[in-house]
$ cat upload15.txt   # compact mmCIF, C-alpha atoms
# COMPACT_ATOMS: atom_id res chain seq x y z
CA LYS A 24 0.88 12.74 20.86
CA LEU A 25 2.60 14.87 18.23
CA GLY A 26 6.00 13.41 18.99
CA GLY A 27 7.60 16.83 18.74
CA SER A 28 8.01 20.02 20.73
CA ILE A 29 6.30 23.38 20.99
CA MET A 30 7.67 26.41 22.83
CA SER A 31 7.68 30.19 23.03
CA SER A 32 10.42 32.71 23.80
CA SER A 33 10.67 36.47 23.98
CA SER A 34 13.40 38.95 23.11
CA ARG A 35 13.58 42.72 22.90
CA GLU A 36 12.11 42.85 19.41
CA CYS A 37 9.84 39.84 19.11
CA ILE A 38 7.91 37.05 20.75
CA MET A 39 8.49 33.75 18.97
CA TYR A 40 6.32 30.64 18.97
CA GLN A 41 8.00 27.52 17.56
CA ALA A 42 7.00 23.93 16.90
CA ALA A 43 9.03 20.95 15.66
CA VAL A 44 6.83 18.07 14.48
CA PHE A 45 6.68 15.26 11.94
CA PRO A 46 5.45 16.27 8.45
CA GLN A 47 2.07 14.61 8.90
CA ASP A 48 1.45 16.67 12.06
CA VAL A 49 2.04 20.10 10.48
CA PRO A 50 -1.72 20.93 10.24
CA THR A 51 -2.15 20.18 13.95
CA ALA A 52 0.92 22.26 14.87
CA VAL A 53 -0.29 25.26 12.85
CA LYS A 54 -3.70 25.00 14.53
CA LEU A 55 -2.09 24.94 17.98
CA LEU A 56 0.09 27.94 17.15
CA ALA A 57 -2.90 29.81 15.72
CA ASP A 58 -4.99 29.16 18.83
CA THR A 59 -2.11 30.27 21.06
CA THR A 60 -1.31 33.48 19.19
CA LEU A 61 -4.71 34.56 17.84
CA ARG A 62 -7.22 33.18 20.36
CA PRO A 63 -5.50 32.92 23.76
CA LYS A 64 -7.56 32.45 26.93
CA PHE A 65 -6.35 34.54 29.85
CA LEU A 66 -7.68 32.72 32.90
CA PRO A 67 -7.56 34.27 36.40
CA GLU A 68 -6.03 31.13 37.89
CA ASP A 69 -3.23 31.16 35.32
CA VAL A 70 -2.49 34.84 35.95
CA GLY A 71 -2.50 34.20 39.71
CA GLU A 72 -0.01 31.38 39.30
CA LEU A 73 2.15 33.67 37.16
CA GLN A 74 2.19 36.40 39.80
CA ALA A 75 3.20 33.85 42.43
CA THR A 76 6.07 32.26 40.49
CA VAL A 77 7.63 35.26 38.70
CA PRO A 78 9.25 36.74 41.86
CA TRP A 79 11.10 33.47 42.43
CA GLU A 80 12.21 33.37 38.80
CA LEU A 81 13.43 36.97 38.98
CA GLN A 82 15.39 36.17 42.11
CA ASP A 83 16.98 33.21 40.32
CA VAL A 84 17.94 35.37 37.32
CA GLU A 85 19.48 38.03 39.55
CA SER A 86 21.74 35.38 41.08
CA LYS A 87 23.17 34.53 37.64
CA ALA A 88 25.46 37.30 36.42
CA ASP A 89 25.55 36.05 32.81
CA MET A 90 21.76 36.48 32.57
CA PHE A 91 21.17 39.50 34.80
CA LEU A 92 24.01 41.85 33.82
CA PRO A 93 23.21 41.98 30.06
CA GLU A 94 19.76 43.21 31.10
CA LYS A 95 21.26 45.99 33.21
CA LEU A 96 23.69 46.76 30.36
CA HIS A 97 20.79 47.46 28.00
CA GLU A 98 19.01 49.60 30.60
CA ALA A 99 22.17 51.69 31.05
CA ALA A 100 22.90 51.94 27.32
CA PHE A 101 19.37 52.90 26.22
CA ARG A 102 18.14 54.99 29.13
CA SER A 103 15.45 56.72 27.08
CA GLY A 104 13.47 53.48 26.75
CA THR A 105 13.15 51.52 23.49
CA LEU A 106 15.82 48.79 23.76
CA GLY A 107 16.43 49.86 27.35
CA ASN A 108 12.99 48.76 28.48
CA PRO A 109 13.36 45.74 30.77
CA LEU A 110 12.82 42.35 29.19
CA LEU A 111 12.14 40.91 32.64
CA CYS A 112 9.05 42.17 34.42
CA PRO A 113 10.01 44.59 37.24
CA ILE A 114 8.69 43.27 40.52
CA GLY A 115 6.92 46.58 41.17
CA GLN A 116 4.83 46.21 38.01
CA LEU A 117 3.87 42.57 38.42
CA HIS A 118 0.50 43.48 39.93
CA ARG A 119 -0.41 45.19 36.64
CA ALA A 120 -0.39 41.83 34.83
CA THR A 121 -4.13 41.16 35.03
CA VAL A 122 -6.54 39.35 32.74
CA ASP A 123 -7.74 42.66 31.32
CA SER A 124 -4.27 44.16 30.80
CA LEU A 125 -3.00 41.02 29.06
CA ALA A 126 -6.02 40.96 26.78
CA GLU A 127 -5.49 44.65 25.99
CA TYR A 128 -1.81 44.03 25.23
CA HIS A 129 -2.71 41.15 22.91
CA GLU A 130 -5.32 43.21 21.10
CA ARG A 131 -2.89 46.09 20.61
CA TRP A 132 0.25 44.28 19.44
CA TYR A 133 -0.84 41.02 17.82
CA ARG A 134 -1.73 42.66 14.51
CA PRO A 135 -1.30 41.15 11.02
CA GLU A 136 1.36 43.69 9.98
CA ARG A 137 3.45 42.52 12.93
CA ILE A 138 3.05 38.77 12.45
CA VAL A 139 5.35 36.57 10.39
CA VAL A 140 4.54 32.91 9.77
CA ALA A 141 7.57 30.88 8.68
CA ALA A 142 8.11 27.17 8.11
CA ILE A 143 10.94 24.89 7.05
CA GLY A 144 10.18 21.63 5.24
CA VAL A 145 6.59 22.64 4.37
CA ASP A 146 5.25 23.35 0.90
CA HIS A 147 4.67 27.10 0.52
CA GLN A 148 1.14 26.83 -0.84
CA GLN A 149 0.23 24.33 1.87
CA LEU A 150 1.42 26.81 4.50
CA ILE A 151 -0.71 29.58 2.96
CA ASN A 152 -3.81 27.38 2.98
CA LEU A 153 -3.21 26.26 6.58
CA CYS A 154 -2.80 29.86 7.75
CA ILE A 155 -5.99 30.95 6.03
CA ASP A 156 -7.92 27.95 7.39
CA ASN A 157 -6.78 28.73 10.94
CA GLY A 158 -7.80 32.38 10.97
CA PHE A 159 -4.66 34.35 10.15
CA ALA A 160 -6.43 35.90 7.14
CA ASP A 161 -9.30 37.08 9.34
CA LEU A 162 -7.19 39.54 11.30
CA ALA A 163 -8.03 43.19 10.69
CA PRO A 164 -4.94 45.35 10.08
CA SER A 165 -4.33 48.35 12.34
CA HIS A 166 -4.58 50.67 9.33
CA PRO A 167 -7.42 50.10 6.83
CA ALA A 168 -6.32 48.81 3.45
CA PRO A 169 -6.87 50.92 0.28
CA ALA A 170 -10.31 50.68 -1.26
CA ALA A 171 -8.99 48.60 -4.16
CA ASP A 172 -7.77 45.95 -1.72
CA GLN A 173 -10.84 45.91 0.54
CA SER A 174 -12.92 44.31 -2.19
CA ASP A 175 -10.70 41.21 -2.09
CA SER A 176 -12.12 38.31 -0.10
CA ASN A 177 -11.10 34.89 1.19
CA GLY A 178 -7.85 36.26 2.60
CA SER A 179 -6.38 37.30 -0.74
CA TRP A 180 -4.26 39.99 0.96
CA PHE A 181 -2.77 37.28 3.14
CA ARG A 182 -2.03 35.17 0.08
CA LYS A 183 -0.21 38.12 -1.47
CA ILE A 184 1.98 38.58 1.59
CA LEU A 185 2.87 34.92 2.03
CA ALA A 186 3.38 34.40 -1.68
CA THR A 187 6.30 36.85 -1.82
CA GLY A 188 9.05 34.41 -0.98
CA GLY A 189 11.83 35.39 -3.41
CA ALA A 190 15.24 36.52 -2.18
CA ASN A 191 14.73 39.99 -3.68
CA SER A 192 11.13 40.50 -2.61
CA ARG A 193 10.35 42.85 0.28
CA ILE A 194 7.51 43.09 2.75
CA ALA A 195 6.72 46.36 4.54
CA VAL A 196 7.54 46.12 8.25
CA PRO A 197 6.86 48.67 11.03
CA SER A 198 9.77 50.56 12.55
CA CYS A 199 10.53 52.27 15.84
CA LYS A 200 13.87 54.02 16.26
CA SER A 201 15.98 53.16 19.27
CA VAL A 202 17.91 55.86 21.12
CA TYR A 203 21.38 55.04 22.47
CA THR A 204 22.53 57.17 25.40
CA GLY A 205 25.36 55.29 27.10
CA GLY A 206 25.83 55.44 30.85
CA THR A 207 27.26 53.72 33.93
CA TRP A 208 25.86 51.31 36.48
CA PHE A 209 27.77 50.00 39.50
CA ASP A 210 26.41 47.42 41.93
CA SER A 211 28.49 46.94 45.08
CA LYS A 212 28.55 43.31 46.25
CA PRO A 213 31.82 42.85 48.13
CA ASP A 214 30.99 39.29 49.21
CA VAL A 215 30.88 37.77 45.68
CA ASP A 216 33.72 35.61 44.34
CA PHE A 217 34.28 37.59 41.13
CA THR A 218 33.86 41.18 40.02
CA GLN A 219 32.09 41.47 36.65
CA VAL A 220 32.89 44.36 34.29
CA TYR A 221 31.17 45.26 31.01
CA LEU A 222 32.36 47.89 28.53
CA GLY A 223 29.93 48.51 25.67
CA PHE A 224 29.49 50.88 22.73
CA LYS A 225 26.84 51.68 20.15
CA SER A 226 27.33 49.59 16.99
CA ALA A 227 25.52 48.81 13.75
CA GLY A 228 22.06 47.33 13.52
CA ILE A 229 20.63 44.98 10.93
CA ASP A 230 19.63 47.92 8.74
CA ASN A 231 23.36 48.71 8.30
CA GLU A 232 24.28 45.61 6.34
CA HIS A 233 27.99 46.33 5.86
CA GLY A 234 28.46 47.43 9.47
CA LEU A 235 26.68 44.31 10.69
CA TYR A 236 29.26 42.05 9.05
CA VAL A 237 32.16 44.26 10.15
CA TYR A 238 31.22 43.89 13.81
CA ALA A 239 30.53 40.18 13.40
CA VAL A 240 34.09 39.72 12.12
CA LEU A 241 35.46 42.01 14.85
CA GLN A 242 33.71 39.92 17.50
CA MET A 243 35.39 36.79 16.13
CA LEU A 244 38.75 38.56 15.95
CA LEU A 245 38.56 39.57 19.62
CA GLY A 246 36.99 36.26 20.64
CA GLY A 247 37.86 35.31 24.18
CA GLY A 248 36.31 33.00 26.73
CA GLY A 249 37.14 31.59 30.15
CA SER A 250 40.53 31.22 31.80
CA PHE A 251 40.25 27.44 31.31
CA SER A 252 39.32 25.84 28.02
CA ALA A 253 39.76 22.32 26.66
CA GLY A 254 40.63 23.85 23.30
CA GLY A 255 39.69 22.18 20.04
CA PRO A 256 38.62 23.51 16.63
CA GLY A 257 36.57 26.69 16.68
CA LYS A 258 37.34 27.62 20.30
CA GLY A 259 39.17 30.80 19.29
CA MET A 260 42.30 30.04 21.32
CA TYR A 261 44.29 32.35 19.02
CA SER A 262 41.85 35.23 19.27
CA ARG A 263 43.08 38.51 20.73
CA LEU A 264 41.36 38.25 24.09
CA TYR A 265 43.01 34.87 24.64
CA THR A 266 46.52 35.69 23.45
CA ARG A 267 46.69 39.26 24.75
CA VAL A 268 44.53 39.07 27.88
CA LEU A 269 43.77 35.63 29.32
CA ASN A 270 47.21 34.20 28.55
CA GLN A 271 48.95 37.25 30.04
CA HIS A 272 46.94 37.98 33.20
CA ALA A 273 46.43 35.03 35.53
CA TRP A 274 44.09 37.06 37.73
CA ILE A 275 41.50 37.46 34.95
CA GLU A 276 38.86 34.74 35.13
CA SER A 277 37.05 35.41 31.84
CA CYS A 278 37.14 37.90 28.97
CA VAL A 279 34.90 37.71 25.90
CA ALA A 280 33.62 40.02 23.16
CA PHE A 281 29.86 40.38 22.72
CA HIS A 282 27.57 41.91 20.11
CA HIS A 283 23.84 42.37 20.72
CA CYS A 284 22.27 43.22 17.37
CA TYR A 285 18.83 44.72 16.72
CA THR A 286 16.95 46.28 13.81
CA ASP A 287 18.45 49.77 13.87
CA ALA A 288 21.14 49.60 16.57
CA GLY A 289 23.61 47.29 18.20
CA LEU A 290 25.63 47.02 21.40
CA PHE A 291 29.24 45.87 21.00
CA GLY A 292 31.83 45.45 23.72
CA ILE A 293 33.82 43.24 26.06
CA SER A 294 32.72 41.56 29.27
CA ALA A 295 35.26 40.28 31.79
CA SER A 296 35.56 39.05 35.36
CA CYS A 297 38.36 38.88 37.90
CA ARG A 298 39.10 38.33 41.55
CA PRO A 299 38.11 41.24 43.81
CA ARG A 300 40.46 44.22 44.12
CA ASN A 301 41.67 43.98 40.51
CA GLU A 302 38.63 45.54 38.86
CA HIS A 303 40.29 48.91 38.14
CA ALA A 304 43.13 47.13 36.33
CA LEU A 305 40.63 44.91 34.50
CA PHE A 306 38.84 47.94 33.08
CA ASP A 307 42.19 49.28 31.86
CA VAL A 308 42.98 45.97 30.13
CA ILE A 309 39.69 45.68 28.20
CA ALA A 310 39.74 49.39 27.30
CA THR A 311 43.21 48.84 25.85
CA GLU A 312 41.93 46.07 23.58
CA ILE A 313 39.12 48.21 22.20
CA GLU A 314 41.54 51.06 21.57
CA ALA A 315 44.08 48.69 20.00
CA VAL A 316 41.82 47.41 17.22
CA ALA A 317 40.97 50.99 16.32
CA ALA A 318 44.67 51.81 15.80
CA THR A 319 46.36 51.68 12.40
CA SER A 320 47.98 48.28 11.81
CA GLY A 321 51.53 48.12 13.10
CA LYS A 322 51.26 51.35 15.10
CA ARG A 323 51.03 51.75 18.83
CA SER A 324 48.01 52.94 20.76
CA SER A 325 48.47 55.19 23.77
CA PHE A 326 48.90 52.30 26.24
CA ARG A 327 50.56 49.51 24.27
CA ARG A 328 51.10 46.19 26.02
CA PRO A 329 54.70 44.91 25.86
CA TYR A 330 53.63 41.48 24.57
CA ALA A 331 51.61 42.83 21.65
CA SER A 332 53.52 42.63 18.39
CA GLN A 333 51.13 45.10 16.80
CA GLU A 334 47.90 46.95 17.53
CA GLY A 335 45.64 47.27 14.49
CA ALA A 336 44.20 44.05 13.07
CA SER A 337 46.49 42.33 10.57
CA LEU A 338 45.39 40.75 7.32
CA PHE A 339 46.14 37.32 8.80
CA GLU A 340 43.99 37.98 11.89
CA VAL A 341 41.10 39.24 9.80
CA LYS A 342 41.28 36.27 7.44
CA ARG A 343 41.24 33.84 10.37
CA ALA A 344 38.28 35.66 11.97
CA LYS A 345 36.36 35.58 8.68
CA ASN A 346 37.00 31.86 8.26
CA GLN A 347 35.79 31.18 11.78
CA LEU A 348 32.68 33.32 11.25
CA LYS A 349 31.84 31.50 8.00
CA SER A 350 32.33 28.14 9.69
CA ASN A 351 30.07 29.04 12.62
CA LEU A 352 27.42 30.46 10.29
CA LEU A 353 27.25 27.41 8.05
CA MET A 354 27.35 24.96 10.96
CA ASN A 355 24.46 26.74 12.68
CA LEU A 356 22.41 26.75 9.48
CA GLU A 357 22.61 22.95 9.42
CA SER A 358 20.01 23.01 12.19
CA ARG A 359 16.44 23.31 10.97
CA MET A 360 15.37 25.20 14.08
CA VAL A 361 18.10 27.77 13.43
CA GLN A 362 17.03 27.98 9.78
CA LEU A 363 13.44 28.57 10.88
CA GLU A 364 14.32 31.32 13.36
CA ASP A 365 16.66 32.95 10.84
CA LEU A 366 13.96 32.94 8.14
CA GLY A 367 11.29 34.41 10.41
CA ARG A 368 13.54 37.11 11.88
CA GLN A 369 14.88 38.19 8.49
CA ILE A 370 11.38 38.59 7.08
CA GLN A 371 10.24 40.41 10.22
CA VAL A 372 13.18 42.84 10.30
CA SER A 373 14.13 43.45 6.67
CA GLY A 374 11.26 41.96 4.68
CA ARG A 375 13.50 39.64 2.67
CA LYS A 376 15.55 36.45 3.00
CA VAL A 377 19.30 36.76 2.53
CA PRO A 378 20.72 33.41 1.35
CA ALA A 379 23.82 31.92 2.98
CA GLU A 380 25.83 32.46 -0.21
CA ALA A 381 25.21 36.22 -0.02
CA MET A 382 26.25 36.26 3.64
CA ILE A 383 29.53 34.53 2.76
CA GLN A 384 30.20 37.14 0.07
CA HIS A 385 29.62 39.96 2.56
CA ILE A 386 32.01 38.35 5.03
CA GLU A 387 34.69 37.83 2.38
CA ALA A 388 34.52 41.52 1.44
CA ILE A 389 35.59 42.70 4.93
CA THR A 390 39.13 44.18 5.06
CA PRO A 391 41.46 45.14 7.95
CA GLU A 392 40.66 48.78 7.22
CA ASP A 393 36.95 48.04 7.66
CA ILE A 394 37.74 46.55 11.07
CA ARG A 395 39.81 49.58 12.07
CA LYS A 396 37.11 52.02 10.99
CA GLY A 397 34.41 49.99 12.73
CA ALA A 398 36.38 49.96 15.99
CA ALA A 399 37.07 53.70 15.66
CA GLU A 400 33.33 54.34 15.24
CA LEU A 401 32.74 52.57 18.55
CA LEU A 402 34.91 55.14 20.30
CA ALA A 403 32.95 57.99 18.72
CA SER A 404 29.88 57.31 20.89
CA PRO A 405 29.64 57.47 24.70
CA ALA A 406 30.53 54.21 26.36
CA THR A 407 28.37 52.08 28.63
CA VAL A 408 30.22 50.83 31.71
CA LEU A 409 28.75 48.31 34.10
CA ALA A 410 30.31 46.56 37.09
CA GLN A 411 29.09 44.28 39.85
CA GLY A 412 31.09 43.08 42.85
CA CYS A 413 33.91 45.08 44.42
CA VAL A 414 33.32 48.26 42.44
CA ASP A 415 35.00 50.92 44.60
CA GLY A 416 38.17 50.89 42.49
CA ILE A 417 36.53 51.00 39.08
CA SER A 418 33.96 53.64 40.07
CA GLN A 419 36.77 55.87 41.33
CA PHE A 420 39.26 55.44 38.47
CA CYS A 421 36.87 54.74 35.56
CA PRO A 422 36.70 58.34 34.22
CA GLN A 423 40.48 58.78 34.20
CA VAL A 424 41.18 55.38 32.63
CA ALA A 425 38.51 55.94 29.99
CA ALA A 426 39.96 59.34 29.08
CA ASN A 427 43.43 57.81 28.72
CA HIS A 428 42.07 55.45 26.08
CA GLY A 429 39.99 58.01 24.20
CA ILE A 430 36.72 56.61 25.54
CA LYS A 431 33.84 59.00 26.20
CA LEU A 432 31.61 58.59 29.23

$ encode --input "upload15.txt" --output "structure tokens"
Amino acid sequence: KLGGSIMSSSSRECIMYQAAVFPQDVPTAVKLLADTTLRPKFLPEDVGELQATVPWELQDVESKADMFLPEKLHEAAFRSGTLGNPLLCPIGQLHRATVDSLAEYHERWYRPERIVVAAIGVDHQQLINLCIDNGFADLAPSHPAPAADQSDSNGSWFRKILATGGANSRIAVPSCKSVYTGGTWFDSKPDVDFTQVYLGFKSAGIDNEHGLYVYAVLQMLLGGGGSFSAGGPGKGMYSRLYTRVLNQHAWIESCVAFHHCYTDAGLFGISASCRPRNEHALFDVIATEIEAVAATSGKRSSFRRPYASQEGASLFEVKRAKNQLKSNLLMNLESRMVQLEDLGRQIQVSGRKVPAEAMIQHIEAITPEDIRKGAAELLASPATVLAQGCVDGISQFCPQVAANHGIKL
């Protein structure tokens, strides 16, 4: 009846509830979201259905390497918990999802200091009034407010929080430090068509603003993709992982740079796949590319490829990567759903909204030396190596190859 959509999704740092509706239906959408987040009903029949369907969904995810392996990568990289805690429910813990445990989880974590309400295309004062009318102002914070604030009524504390919408205003947000450990994980599946290899390193989180943009540019500079691409603007066909890897090694099926970014930590690296029995050589190739961008421009790294005219990132490469990053950023921000998610996450993580103009300025300030230093910092932490498929070769030669490239395990 609303003529829109409503959905929820979860990530390692937040659970997000979103709605896209016509302007006249905003009050109804806010009421639905408030009922879902503040007053959920955990029914035994719903929990029973969940416990019956989740095993099938987990089995489906495990069959898709692009969904399953990033999960294992995080578990290997953050072994002490925090970001290494599984996003997917382990099958052995599914029985613990009961009506009582879900209600306890909701009571513990759905607290006002952890909730951000964001909207695009809605008047700010109207949003405040709708939130107060639907019970957001009635939530008791985990820590009692100072005596001076307890005398306020009618949700005035909530008005104060929502009213701080300027670019320079900040809202206090809770923090929990992640602990990166690095590690290895090998899963032998000799009957699969392709062997998947991941090489990851600790990188900057959102709280390191300059580092965040450095690794965003570095990801664009490395680029990559599949062995077949139709090309076209923005496909990154001149990125390093295309020109130096995919165009040079016919046996490599895919090779792409990734960057998982969180509040106080990140995970940067390269994922690749190849036909079985080439995995040890594949690890050598992607390790070479990480080492190469950390080298001084124009100088050779320890294992220089004969087709590479230089190693460290050139001014031209960095400029092209920055232009591509700016283009992708501005194109994504044309979507209202992306704007909404960006607004909510920025307020949740940093307590302020960074405008697109400021992001562009940060990107423009990145230099080739910043890229070199950022890549060198990757090599300073222990690596995370993950492989699935025919892994006998990589598990045997991984330590030696890593040492040759200055990579710690």

$ atom_distance --input "upload15.txt" --atom1 "atom CA of A:Asn346" --atom2 "atom CA of A:Ile309"
24.4 Å

$ closest_residue --input "upload15.txt" --among "A:Pro164, A:Gly104, A:Leu352, A:Gly115" --to "A:Glu130" --atoms "all atoms listed in the file"
A:Pro164

$ closest_residue --input "upload15.txt" --among "A:Leu61, A:Leu235, A:Met360, A:Met243" --to "A:Ser28" --atoms "all atoms listed in the file"
A:Met360

$ residues_around --input "upload15.txt" --residues "A:Asp69" --least-positions-apart "4" --cutoff "12 Å" --atoms "only C-alpha atoms" --output "PyMOL selection string"
chain A and resi 63-65+73-76+120-122+125

$ closest_residue --input "upload15.txt" --among "A:Ala379, A:Ala310, A:Met39, A:Ala142" --to "A:Leu222" --atoms "all atoms listed in the file"
A:Ala310

$ atom_distance --input "upload15.txt" --atom1 "atom CA of A:His303" --atom2 "atom CA of A:Ala410"
10.3 Å

$ residues_around --input "upload15.txt" --residues "A:Ala99" --least-positions-apart "2" --cutoff "10 Å" --atoms "only C-alpha atoms" --output "list in words"
Pro93, Glu94, Lys95, Leu96, His97, Phe101, Arg102, Ser103, Gly104, Gly107, Asn108, Tyr203, Thr204, Gly205, Gly206, Thr207, Trp208, Gly223, Ala406, Thr407, Val408 and Leu409 of chain A

$ write_last_selection --input "upload15.txt" --atoms "C-alpha atoms" --output "short mmCIF file (atom, residue, chain, number, x, y, z; two decimals), keeping the file's coordinate frame"
data_model
loop_
_atom_site.label_atom_id
_atom_site.label_comp_id
_atom_site.auth_asym_id
_atom_site.auth_seq_id
_atom_site.Cartn_x
_atom_site.Cartn_y
_atom_site.Cartn_z
CA PRO A 93 23.21 41.98 30.06
CA GLU A 94 19.76 43.21 31.10
CA LYS A 95 21.26 45.99 33.21
CA LEU A 96 23.69 46.76 30.36
CA HIS A 97 20.79 47.46 28.00
CA PHE A 101 19.37 52.90 26.22
CA ARG A 102 18.14 54.99 29.13
CA SER A 103 15.45 56.72 27.08
CA GLY A 104 13.47 53.48 26.75
CA GLY A 107 16.43 49.86 27.35
CA ASN A 108 12.99 48.76 28.48
CA TYR A 203 21.38 55.04 22.47
CA THR A 204 22.53 57.17 25.40
CA GLY A 205 25.36 55.29 27.10
CA GLY A 206 25.83 55.44 30.85
CA THR A 207 27.26 53.72 33.93
CA TRP A 208 25.86 51.31 36.48
CA GLY A 223 29.93 48.51 25.67
CA ALA A 406 30.53 54.21 26.36
CA THR A 407 28.37 52.08 28.63
CA VAL A 408 30.22 50.83 31.71
CA LEU A 409 28.75 48.31 34.10
#

$ atom_distance --input "upload15.txt" --atom1 "atom CA of A:Gly367" --atom2 "atom CA of A:Val139"
6.3 Å

$ closest_residue --input "upload15.txt" --among "A:Ala304, A:Val202, A:Ile138, A:Leu245" --to "A:Ile38" --atoms "all atoms listed in the file"
A:Ile138

$ residues_around --input "upload15.txt" --residues "A:Val308" --least-positions-apart "6" --cutoff "10 Å" --atoms "all atoms listed in the file" --output "ChimeraX atom specification"
/A:264,267-268,272,275,295,302,326,328,424

$ residues_near_point --input "upload15.txt" --point "(5.9, 30.7, 20.1)" --cutoff "8 Å" --atoms "all atoms listed in the file" --output "list in words"
Ile29, Met30, Ser31, Ser32, Ile38, Met39, Tyr40, Gln41, Ala42, Leu56 and Thr60 of chain A

$ write_last_selection --input "upload15.txt" --atoms "C-alpha atoms" --output "short mmCIF file (atom, residue, chain, number, x, y, z; two decimals), in the coordinates of the input"
data_model
loop_
_atom_site.label_atom_id
_atom_site.label_comp_id
_atom_site.auth_asym_id
_atom_site.auth_seq_id
_atom_site.Cartn_x
_atom_site.Cartn_y
_atom_site.Cartn_z
CA ILE A 29 6.30 23.38 20.99
CA MET A 30 7.67 26.41 22.83
CA SER A 31 7.68 30.19 23.03
CA SER A 32 10.42 32.71 23.80
CA ILE A 38 7.91 37.05 20.75
CA MET A 39 8.49 33.75 18.97
CA TYR A 40 6.32 30.64 18.97
CA GLN A 41 8.00 27.52 17.56
CA ALA A 42 7.00 23.93 16.90
CA LEU A 56 0.09 27.94 17.15
CA THR A 60 -1.31 33.48 19.19
#

$ residues_around --input "upload15.txt" --residues "A:Val361" --least-positions-apart "4" --cutoff "12 Å" --atoms "all atoms listed in the file" --output "MDAnalysis selection string"
chainID A and resid 41 43 141:143 352:357 365:369

$ residues_around --input "upload15.txt" --residues "A:Gln219" --least-positions-apart "3" --cutoff "12 Å" --atoms "only C-alpha atoms" --output "ChimeraX atom specification"
/A:87-89,91-93,96,208-213,215-216,222,275-279,293-303,305-306,408-414,417

$ build_atoms --input "upload15.txt" --residues "stretch 45-56 of chain A" --atoms "N, CA, C and O atoms" --output "PDB file, keeping the file's coordinate frame"
ATOM      1  N   PHE A  45       6.568  16.072  13.155  1.00  0.00           N
ATOM      2  CA  PHE A  45       6.680  15.260  11.940  1.00  0.00           C
ATOM      3  C   PHE A  45       5.830  15.885  10.827  1.00  0.00           C
ATOM      4  O   PHE A  45       4.852  16.592  11.105  1.00  0.00           O
ATOM      5  N   PRO A  46       6.177  15.643   9.560  1.00  0.00           N
ATOM      6  CA  PRO A  46       5.450  16.270   8.450  1.00  0.00           C
ATOM      7  C   PRO A  46       3.942  16.063   8.497  1.00  0.00           C
ATOM      8  O   PRO A  46       3.172  16.979   8.184  1.00  0.00           O
ATOM      9  N   GLN A  47       3.510  14.874   8.898  1.00  0.00           N
ATOM     10  CA  GLN A  47       2.070  14.610   8.900  1.00  0.00           C
ATOM     11  C   GLN A  47       1.331  15.380  10.001  1.00  0.00           C
ATOM     12  O   GLN A  47       0.096  15.475   9.991  1.00  0.00           O
ATOM     13  N   ASP A  48       2.076  15.935  10.954  1.00  0.00           N
ATOM     14  CA  ASP A  48       1.450  16.670  12.060  1.00  0.00           C
ATOM     15  C   ASP A  48       1.504  18.180  11.874  1.00  0.00           C
ATOM     16  O   ASP A  48       1.133  18.927  12.786  1.00  0.00           O
ATOM     17  N   VAL A  49       1.960  18.654  10.718  1.00  0.00           N
ATOM     18  CA  VAL A  49       2.040  20.100  10.480  1.00  0.00           C
ATOM     19  C   VAL A  49       0.682  20.788  10.623  1.00  0.00           C
ATOM     20  O   VAL A  49       0.589  21.844  11.269  1.00  0.00           O
ATOM     21  N   PRO A  50      -0.411  20.268  10.065  1.00  0.00           N
ATOM     22  CA  PRO A  50      -1.720  20.930  10.240  1.00  0.00           C
ATOM     23  C   PRO A  50      -2.097  21.102  11.711  1.00  0.00           C
ATOM     24  O   PRO A  50      -2.612  22.154  12.110  1.00  0.00           O
ATOM     25  N   THR A  51      -1.832  20.085  12.523  1.00  0.00           N
ATOM     26  CA  THR A  51      -2.150  20.180  13.950  1.00  0.00           C
ATOM     27  C   THR A  51      -1.283  21.237  14.629  1.00  0.00           C
ATOM     28  O   THR A  51      -1.758  22.014  15.467  1.00  0.00           O
ATOM     29  N   ALA A  52       0.011  21.284  14.273  1.00  0.00           N
ATOM     30  CA  ALA A  52       0.920  22.260  14.870  1.00  0.00           C
ATOM     31  C   ALA A  52       0.517  23.681  14.516  1.00  0.00           C
ATOM     32  O   ALA A  52       0.527  24.577  15.373  1.00  0.00           O
ATOM     33  N   VAL A  53       0.141  23.918  13.254  1.00  0.00           N
ATOM     34  CA  VAL A  53      -0.290  25.260  12.850  1.00  0.00           C
ATOM     35  C   VAL A  53      -1.559  25.649  13.594  1.00  0.00           C
ATOM     36  O   VAL A  53      -1.709  26.808  14.019  1.00  0.00           O
ATOM     37  N   LYS A  54      -2.475  24.704  13.782  1.00  0.00           N
ATOM     38  CA  LYS A  54      -3.700  25.000  14.530  1.00  0.00           C
ATOM     39  C   LYS A  54      -3.388  25.372  15.972  1.00  0.00           C
ATOM     40  O   LYS A  54      -3.957  26.324  16.526  1.00  0.00           O
ATOM     41  N   LEU A  55      -2.462  24.631  16.597  1.00  0.00           N
ATOM     42  CA  LEU A  55      -2.090  24.940  17.980  1.00  0.00           C
ATOM     43  C   LEU A  55      -1.445  26.327  18.078  1.00  0.00           C
ATOM     44  O   LEU A  55      -1.752  27.101  18.993  1.00  0.00           O
ATOM     45  N   LEU A  56      -0.570  26.631  17.135  1.00  0.00           N
ATOM     46  CA  LEU A  56       0.090  27.940  17.150  1.00  0.00           C
ATOM     47  C   LEU A  56      -0.912  29.059  16.884  1.00  0.00           C
ATOM     48  O   LEU A  56      -0.826  30.133  17.482  1.00  0.00           O
TER      49      LEU A  56
END
